[in-house]
There are 2 protein chains.
Amino acid sequence: MVQEQTRRERQREATIDEIVRTSRQLLAEGSELSLRAVAASMGMTAPALYRYVANYQELVDLVAFEIDRAATATFEAAANTQPVDDPGARLVCASVAFRQWALANKREFSLVFANPVADPSCIRRDLLTAASSGQLFTDLLHDLWVQTGYRIPTLDELPAPVAEAVRDPLIPADLDKVAPEDRGLIWVYMQGWTMLYGVVTLEVFGHMDPRIIESGEMFVDTVRRYAAGLGMADDWGRLEPIMRAALAA
Amino acid sequence: MVQEQTRRERQREATIDEIVRTSRQLLAEGSELSLRAVAASMGMTAPALYRYVANYQELVDLVAFEIDRAATATFEAAANTQPVDDPGARLVCASVAFRQWALANKREFSLVFANPVADPSCIRRDLLTAASSGQLFTDLLHDLWVQTGYRIPTLDELPAPVAEAVRDPLIPADLDKVAPEDRGLIWVYMQGWTMLYGVVTLEVFGHMDPRIIESGEMFVDTVRRYAAGLGMADDWGRLEPIMRAALAA
DNA sequence: TGTAAACCGTAAACGGTGTAAACTATTGCT
DNA sequence: AGCAATAGTTTACACCGTTTACGGTTTACA
């Protein structure tokens, strides 16, 4: 039997919600994220926030988690613009959405994806269990694999530390649908994520020729190379127009 | 005729040198980089630094440039542990050196490679002309190309914005040795840098399974995939032991 | 129902940051 | 010698995260 939430607990969660909402609003309007600014924006004083977060970093983590959740929803929506029986197109569109979101929301991107995770034994790891954007891309890759059966490495083809890591992942995501012997898929996912992350981060930080960033050609090229590794080289003629359309949108 | 430097100019440059040196020392010992800390460490007050840098960001840029210069020197040294007639091994060793340096000096790495370049029309672009680490990797790729003649795209195979960007690069590096019609090499370089950057940044930020970071397998795998694109797939049996030796060192 | 405890906010203060302005020696040049 | 540029100072402002001590308010319990 679930105990109904007490009044105080409801109030408290509402306040935490407001903290996160206010923080995101500050970020969105280009301000810096600070305890004092958040507090002031809520009509409170800064020390009051310490009733809800232990310190500044925890606020950042909290907000980052929520941003990730919200952003992932938009990536998923982008995937859903493509038919269910075209997982390749869905994957491509989600990737494009990720890139466009990152470039349009550089501050938020940095917070979520370019923030050094201080303590490896992260306090609130429970936050990361579900709904992180990694989950979405793993799912999309899985769907693609189910349909096309592209080659994934077997566990004993992988280096030992990798095999161990994919067999028993640190972040216990919804991997139930990926049978233990098919966990090579996770490695394929990580390879793709690494490539995607590289381009997008370079673009967001502006560490690339502006003309190439603006055109998005390095991003297109990267996705093309990755798709080829997924056995979609022959599909590229079909996928590229879809991708460029999504980029132009 | 070159006017000999006046005494004041010498003094001034010496002070700037000391500022950079002090900053790097602070960074190295784990402190945060701040105007006040640098000034105090030099026996000055903070506002005095404004005689030498316009603001905090400019100090950061200055230090970042110097760190890049110094780090590049170590990458080059790593390349030089391999014979001149084995550019593949030289490239691999430089890459490993980059990764190991990044993981050992996360703060410095973030400063140089994960720092958003605020203004695209960067004020002190002249700083970037020479000795940046990009130059080294371009050189190594060039040496490799001279020896093995791996396939590089022709200019008209490249998307128009890319062709334009490699034909007339924003950062006028020492590209004289790369003939205009061979500038596809620059694109190949950018592709490689993107991949390398992706893994290393993920590793530095800890956004990857610790076991995979510790083992370095994603890094090895990335270099292997890139080397394959450089027509060194058959060479990998020879290069991988070299790489793992460098990683273990 | 009265009381003690838990909670949520405040004000004040500490030490830290970047930065601007006014002022003062000192240096270098004419 | 005298003037102007230079390089430092002190002072001040507006922020920042964080701690402490203190009041009310709400909850829970005897």
# chains A, B, ... in the order shown; residues from 1 in each chain; ligands from 1
$ interface_residues --of "chain D" --to "chain B" --cutoff "12 Å" --atoms "only C-alpha atoms (C1' of nucleotides)" --output "PyMOL selection string"
chain D and resi 5-11
$ residues_around --residues "C:DA20" --least-positions-apart "2" --cutoff "10 Å" --atoms "only C-alpha atoms (C1' of nucleotides)" --output "list in words"
Pro47 of chain B; DA22 of chain C; DA12 and DC13 of chain D
$ write_last_selection --atoms "N, CA and C atoms (P, O5', C5', C4', C3', O3' and C1' of nucleotides)" --output "PDB file, in the first residue's frame"
ATOM      1  N   PRO B  47      44.505  44.290  -9.559  1.00  0.00           N
ATOM      2  CA  PRO B  47      44.288  45.280 -10.622  1.00  0.00           C
ATOM      3  C   PRO B  47      45.532  45.556 -11.454  1.00  0.00           C
TER       4      PRO B  47
ATOM      5  P    DA C  22      37.587  58.604 -11.870  1.00  0.00           P
ATOM      6  O5'  DA C  22      38.639  58.747 -10.664  1.00  0.00           O
ATOM      7  C5'  DA C  22      38.190  58.528  -9.332  1.00  0.00           C
ATOM      8  C4'  DA C  22      39.383  58.564  -8.388  1.00  0.00           C
ATOM      9  C3'  DA C  22      40.384  59.685  -8.692  1.00  0.00           C
ATOM     10  O3'  DA C  22      40.759  60.326  -7.482  1.00  0.00           O
ATOM     11  C1'  DA C  22      41.483  57.596  -8.682  1.00  0.00           C
TER      12       DA C  22
ATOM     13  P    DA D  12      36.919  53.084   0.572  1.00  0.00           P
ATOM     14  O5'  DA D  12      35.990  52.573  -0.631  1.00  0.00           O
ATOM     15  C5'  DA D  12      35.953  53.332  -1.839  1.00  0.00           C
ATOM     16  C4'  DA D  12      35.222  52.541  -2.907  1.00  0.00           C
ATOM     17  C3'  DA D  12      34.032  51.742  -2.376  1.00  0.00           C
ATOM     18  O3'  DA D  12      32.847  52.212  -3.004  1.00  0.00           O
ATOM     19  C1'  DA D  12      35.381  50.450  -3.860  1.00  0.00           C
ATOM     20  P    DC D  13      31.405  51.700  -2.512  1.00  0.00           P
ATOM     21  O5'  DC D  13      30.980  50.768  -3.727  1.00  0.00           O
ATOM     22  C5'  DC D  13      31.141  51.250  -5.061  1.00  0.00           C
ATOM     23  C4'  DC D  13      30.842  50.121  -6.027  1.00  0.00           C
ATOM     24  C3'  DC D  13      29.664  49.240  -5.579  1.00  0.00           C
ATOM     25  O3'  DC D  13      28.725  49.141  -6.630  1.00  0.00           O
ATOM     26  C1'  DC D  13      31.558  47.917  -6.123  1.00  0.00           C
TER      27       DC D  13
END
$ closest_residue --among "A:Phe75, A:Trp101, A:Phe113, A:Tyr50" --to "B:Leu202" --atoms "only C-alpha atoms"
A:Phe113
$ closest_residue --among "A:Leu196, A:Val117, A:Ala46, A:Cys93" --to "chain C" --atoms "only C-alpha atoms (C1' of nucleotides)"
A:Ala46
$ residues_around --residues "A:Leu170" --least-positions-apart "5" --cutoff "9 Å" --atoms "only C-alpha atoms (C1' of nucleotides)" --output "compact mmCIF listing (two decimals) with C-alpha atoms, in the first residue's frame"
# COMPACT_ATOMS: atom_id res chain seq x y z
CA ALA A 165 31.64 -3.27 -18.93
CA ASP B 209 32.44 3.61 -18.05
CA PRO B 210 35.49 3.92 -15.76
$ closest_atom_pairs --of "chain C" --to "chain A" --cutoff "9 Å" --atoms "only C-alpha atoms (C1' of nucleotides)" --output "CSV"
residue,atom,partner,partner_atom,distance
C:DC7,C1',A:Arg8,CA,8.9
C:DC8,C1',A:Arg51,CA,7.5
C:DG9,C1',A:Ala48,CA,6.3
C:DT10,C1',A:Thr45,CA,7.8
$ write_last_selection --atoms "N, CA and C atoms (P, O5', C5', C4', C3', O3' and C1' of nucleotides)" --output "PDB file, in the first residue's frame"
ATOM      1  P    DC C   7      12.941  17.147   9.021  1.00  0.00           P
ATOM      2  O5'  DC C   7      12.365  18.535   8.499  1.00  0.00           O
ATOM      3  C5'  DC C   7      10.950  18.689   8.369  1.00  0.00           C
ATOM      4  C4'  DC C   7      10.617  20.137   8.101  1.00  0.00           C
ATOM      5  C3'  DC C   7      11.436  20.799   6.994  1.00  0.00           C
ATOM      6  O3'  DC C   7      10.550  21.188   5.962  1.00  0.00           O
ATOM      7  C1'  DC C   7      11.203  22.219   8.881  1.00  0.00           C
ATOM      8  P    DC C   8      11.148  21.589   4.547  1.00  0.00           P
ATOM      9  O5'  DC C   8      11.119  23.186   4.655  1.00  0.00           O
ATOM     10  C5'  DC C   8       9.879  23.854   4.828  1.00  0.00           C
ATOM     11  C4'  DC C   8      10.120  25.327   5.004  1.00  0.00           C
ATOM     12  C3'  DC C   8      11.077  25.936   3.971  1.00  0.00           C
ATOM     13  O3'  DC C   8      10.489  27.100   3.415  1.00  0.00           O
ATOM     14  C1'  DC C   8      11.736  26.514   6.163  1.00  0.00           C
ATOM     15  P    DG C   9      11.103  27.618   2.003  1.00  0.00           P
ATOM     16  O5'  DG C   9      11.899  28.912   2.509  1.00  0.00           O
ATOM     17  C5'  DG C   9      11.195  30.103   2.676  1.00  0.00           C
ATOM     18  C4'  DG C   9      11.686  30.871   3.873  1.00  0.00           C
ATOM     19  C3'  DG C   9      12.911  31.764   3.666  1.00  0.00           C
ATOM     20  O3'  DG C   9      12.543  32.964   3.008  1.00  0.00           O
ATOM     21  C1'  DG C   9      12.877  30.762   5.839  1.00  0.00           C
ATOM     22  P    DT C  10      13.696  33.947   2.509  1.00  0.00           P
ATOM     23  O5'  DT C  10      14.184  34.670   3.829  1.00  0.00           O
ATOM     24  C5'  DT C  10      13.257  35.389   4.624  1.00  0.00           C
ATOM     25  C4'  DT C  10      13.941  35.871   5.885  1.00  0.00           C
ATOM     26  C3'  DT C  10      15.166  36.731   5.628  1.00  0.00           C
ATOM     27  O3'  DT C  10      14.811  38.084   5.691  1.00  0.00           O
ATOM     28  C1'  DT C  10      15.602  35.045   7.301  1.00  0.00           C
TER      29       DT C  10
END
$ residues_around --residues "stretch 177-181 of chain B" --least-positions-apart "4" --cutoff "8 Å" --atoms "only C-alpha atoms (C1' of nucleotides)" --output "NGL selection string"
:B and (142 or 154-155 or 167)
$ write_last_selection --atoms "N, CA and C atoms" --output "CSV table (one decimal), in the first residue's frame"
chain,number,residue,atom,x,y,z
B,142,HIS,N,50.8,14.4,-43.1
B,142,HIS,CA,51.4,14.7,-44.4
B,142,HIS,C,52.6,13.7,-44.6
B,154,THR,N,39.9,14.5,-53.6
B,154,THR,CA,40.2,15.7,-54.4
B,154,THR,C,39.3,16.8,-54.0
B,155,LEU,N,39.7,18.0,-54.3
B,155,LEU,CA,38.9,19.2,-53.9
B,155,LEU,C,37.5,19.1,-54.4
B,167,ARG,N,40.9,25.1,-48.7
B,167,ARG,CA,41.7,25.8,-49.7
B,167,ARG,C,42.3,27.1,-49.1
$ closest_residue --among "A:Glu13, A:Glu4, A:Asp68, A:Glu164" --to "chain B" --atoms "only C-alpha atoms"
A:Glu164
$ interface_residues --of "chain B" --to "chain A" --cutoff "8 Å" --atoms "only C-alpha atoms" --output "short mmCIF file (atom, residue, chain, number, x, y, z; two decimals) with N, CA and C atoms, in the first residue's frame"
data_model
loop_
_atom_site.label_atom_id
_atom_site.label_comp_id
_atom_site.auth_asym_id
_atom_site.auth_seq_id
_atom_site.Cartn_x
_atom_site.Cartn_y
_atom_site.Cartn_z
N PHE B 113 41.20 22.81 -24.74
CA PHE B 113 40.41 22.12 -25.75
C PHE B 113 38.91 22.08 -25.47
N ALA B 114 38.52 22.46 -24.27
CA ALA B 114 37.09 22.43 -23.97
C ALA B 114 36.63 23.80 -23.52
N ASN B 115 37.30 24.81 -24.05
CA ASN B 115 36.97 26.18 -23.70
C ASN B 115 36.24 26.81 -24.88
N PRO B 116 35.01 27.22 -24.68
CA PRO B 116 34.29 27.82 -25.80
C PRO B 116 35.01 29.07 -26.28
N VAL B 117 35.34 29.11 -27.56
CA VAL B 117 35.95 30.32 -28.10
C VAL B 117 34.84 31.33 -28.29
N PRO B 120 33.93 34.60 -32.34
CA PRO B 120 34.50 33.99 -33.55
C PRO B 120 35.60 34.85 -34.14
N PRO B 159 32.44 18.57 -50.29
CA PRO B 159 31.34 19.54 -50.31
C PRO B 159 31.92 20.95 -50.45
N PRO B 161 31.51 23.95 -49.14
CA PRO B 161 32.04 24.73 -48.00
C PRO B 161 33.34 24.15 -47.47
N VAL B 162 33.45 22.83 -47.51
CA VAL B 162 34.67 22.19 -47.03
C VAL B 162 35.83 22.53 -47.96
N ALA B 165 36.99 25.87 -47.26
CA ALA B 165 37.66 25.99 -45.96
C ALA B 165 39.07 25.42 -46.01
N PRO B 169 42.37 28.24 -45.41
CA PRO B 169 42.06 28.01 -43.99
C PRO B 169 42.09 29.30 -43.19
N LEU B 170 41.26 29.33 -42.18
CA LEU B 170 41.16 30.53 -41.34
C LEU B 170 42.45 30.78 -40.57
N GLN B 191 38.85 15.01 -39.92
CA GLN B 191 38.10 13.80 -39.56
C GLN B 191 38.77 13.07 -38.40
N THR B 194 38.52 14.97 -35.12
CA THR B 194 37.19 14.86 -34.55
C THR B 194 37.03 13.57 -33.75
N MET B 195 37.50 12.48 -34.31
CA MET B 195 37.37 11.19 -33.61
C MET B 195 38.21 11.18 -32.34
N LEU B 196 39.47 11.60 -32.51
CA LEU B 196 40.38 11.62 -31.37
C LEU B 196 39.82 12.49 -30.26
N TYR B 197 39.36 13.65 -30.64
CA TYR B 197 38.81 14.61 -29.69
C TYR B 197 37.62 14.01 -28.94
N GLY B 198 36.80 13.31 -29.68
CA GLY B 198 35.62 12.72 -29.05
C GLY B 198 35.98 11.77 -27.94
N VAL B 199 36.80 10.78 -28.23
CA VAL B 199 37.17 9.82 -27.16
C VAL B 199 37.82 10.52 -26.00
N THR B 201 37.94 13.57 -24.95
CA THR B 201 37.12 14.46 -24.15
C THR B 201 36.14 13.68 -23.28
N LEU B 202 35.55 12.66 -23.84
CA LEU B 202 34.66 11.82 -23.04
C LEU B 202 35.42 11.21 -21.87
N VAL B 204 38.23 12.34 -20.44
CA VAL B 204 38.65 13.35 -19.48
C VAL B 204 37.48 13.77 -18.60
N PHE B 205 36.31 13.93 -19.20
CA PHE B 205 35.14 14.35 -18.44
C PHE B 205 34.53 13.20 -17.64
N GLY B 206 35.02 12.01 -17.86
CA GLY B 206 34.49 10.88 -17.12
C GLY B 206 33.11 10.46 -17.57
N HIS B 207 32.77 10.80 -18.80
CA HIS B 207 31.45 10.43 -19.31
C HIS B 207 31.52 9.09 -20.03
N ASP B 209 32.23 4.62 -19.09
CA ASP B 209 32.44 3.61 -18.05
C ASP B 209 33.91 3.65 -17.59
N PRO B 210 34.13 3.81 -16.29
CA PRO B 210 35.49 3.92 -15.76
C PRO B 210 36.38 2.76 -16.20
N ARG B 211 35.80 1.58 -16.31
CA ARG B 211 36.63 0.44 -16.71
C ARG B 211 37.14 0.60 -18.13
N ILE B 212 36.31 1.20 -18.98
CA ILE B 212 36.74 1.41 -20.37
C ILE B 212 37.76 2.53 -20.44
N SER B 215 41.07 1.15 -19.11
CA SER B 215 41.73 0.22 -20.03
C SER B 215 42.20 0.91 -21.30
N GLU B 217 40.56 1.09 -24.00
CA GLU B 217 40.17 0.30 -25.18
C GLU B 217 39.39 1.12 -26.21
N MET B 218 38.57 2.05 -25.73
CA MET B 218 37.84 2.86 -26.71
C MET B 218 38.81 3.75 -27.49
N THR B 222 39.35 3.51 -31.45
CA THR B 222 39.16 4.69 -32.30
C THR B 222 40.35 4.90 -33.22
#
$ atom_distance --atom1 "atom CA of B:Pro241" --atom2 "atom CA of B:Leu91"
13.9 Å
$ select_by_dssp --residues "stretch 155-248 of chain B" --states "alpha helix (DSSP H)" --output "count of residues only"
62
$ residues_around --residues "stretch 19-24 of chain B" --least-positions-apart "3" --cutoff "9 Å" --atoms "only C-alpha atoms (C1' of nucleotides)" --output "list of chain:residue names"
B:Ala14, B:Thr15, B:Ile16, B:Leu27, B:Ala28, B:Glu29, B:Leu33, B:Ser34, B:Leu35, B:Ala37, B:Val38, B:Ala39, B:Ser41, B:Met42, B:Leu49, B:Tyr52, B:Leu59, B:Val60, B:Leu62, B:Val63, B:Glu66, B:Ile67, B:Glu108
$ residues_around --residues "C:DA11" --least-positions-apart "2" --cutoff "10 Å" --atoms "only C-alpha atoms (C1' of nucleotides)" --output "list in words"
Thr45 of chain A; DA13 of chain C; DA21 and DC22 of chain D
$ write_last_selection --atoms "N, CA and C atoms (P, O5', C5', C4', C3', O3' and C1' of nucleotides)" --output "PDB file, in the first residue's frame"
ATOM      1  N   THR A  45      16.059  34.076  -0.452  1.00  0.00           N
ATOM      2  CA  THR A  45      17.475  34.387  -0.283  1.00  0.00           C
ATOM      3  C   THR A  45      18.275  33.113  -0.544  1.00  0.00           C
TER       4      THR A  45
ATOM      5  P    DA C  13      26.878  41.817  10.633  1.00  0.00           P
ATOM      6  O5'  DA C  13      27.907  40.695  10.161  1.00  0.00           O
ATOM      7  C5'  DA C  13      27.981  39.477  10.895  1.00  0.00           C
ATOM      8  C4'  DA C  13      28.823  38.478  10.128  1.00  0.00           C
ATOM      9  C3'  DA C  13      30.057  39.084   9.443  1.00  0.00           C
ATOM     10  O3'  DA C  13      31.222  38.446   9.924  1.00  0.00           O
ATOM     11  C1'  DA C  13      28.890  37.624   7.988  1.00  0.00           C
TER      12       DA C  13
ATOM     13  P    DA D  21      26.753  29.091  15.568  1.00  0.00           P
ATOM     14  O5'  DA D  21      25.584  30.153  15.748  1.00  0.00           O
ATOM     15  C5'  DA D  21      25.873  31.543  15.605  1.00  0.00           C
ATOM     16  C4'  DA D  21      24.582  32.348  15.562  1.00  0.00           C
ATOM     17  C3'  DA D  21      23.535  31.919  16.597  1.00  0.00           C
ATOM     18  O3'  DA D  21      22.991  33.071  17.224  1.00  0.00           O
ATOM     19  C1'  DA D  21      22.589  31.897  14.437  1.00  0.00           C
ATOM     20  P    DC D  22      22.000  32.857  18.505  1.00  0.00           P
ATOM     21  O5'  DC D  22      20.562  33.142  17.881  1.00  0.00           O
ATOM     22  C5'  DC D  22      20.350  34.386  17.234  1.00  0.00           C
ATOM     23  C4'  DC D  22      19.122  34.299  16.364  1.00  0.00           C
ATOM     24  C3'  DC D  22      17.829  33.870  17.069  1.00  0.00           C
ATOM     25  O3'  DC D  22      17.043  35.029  17.323  1.00  0.00           O
ATOM     26  C1'  DC D  22      18.037  32.991  14.848  1.00  0.00           C
TER      27       DC D  22
END
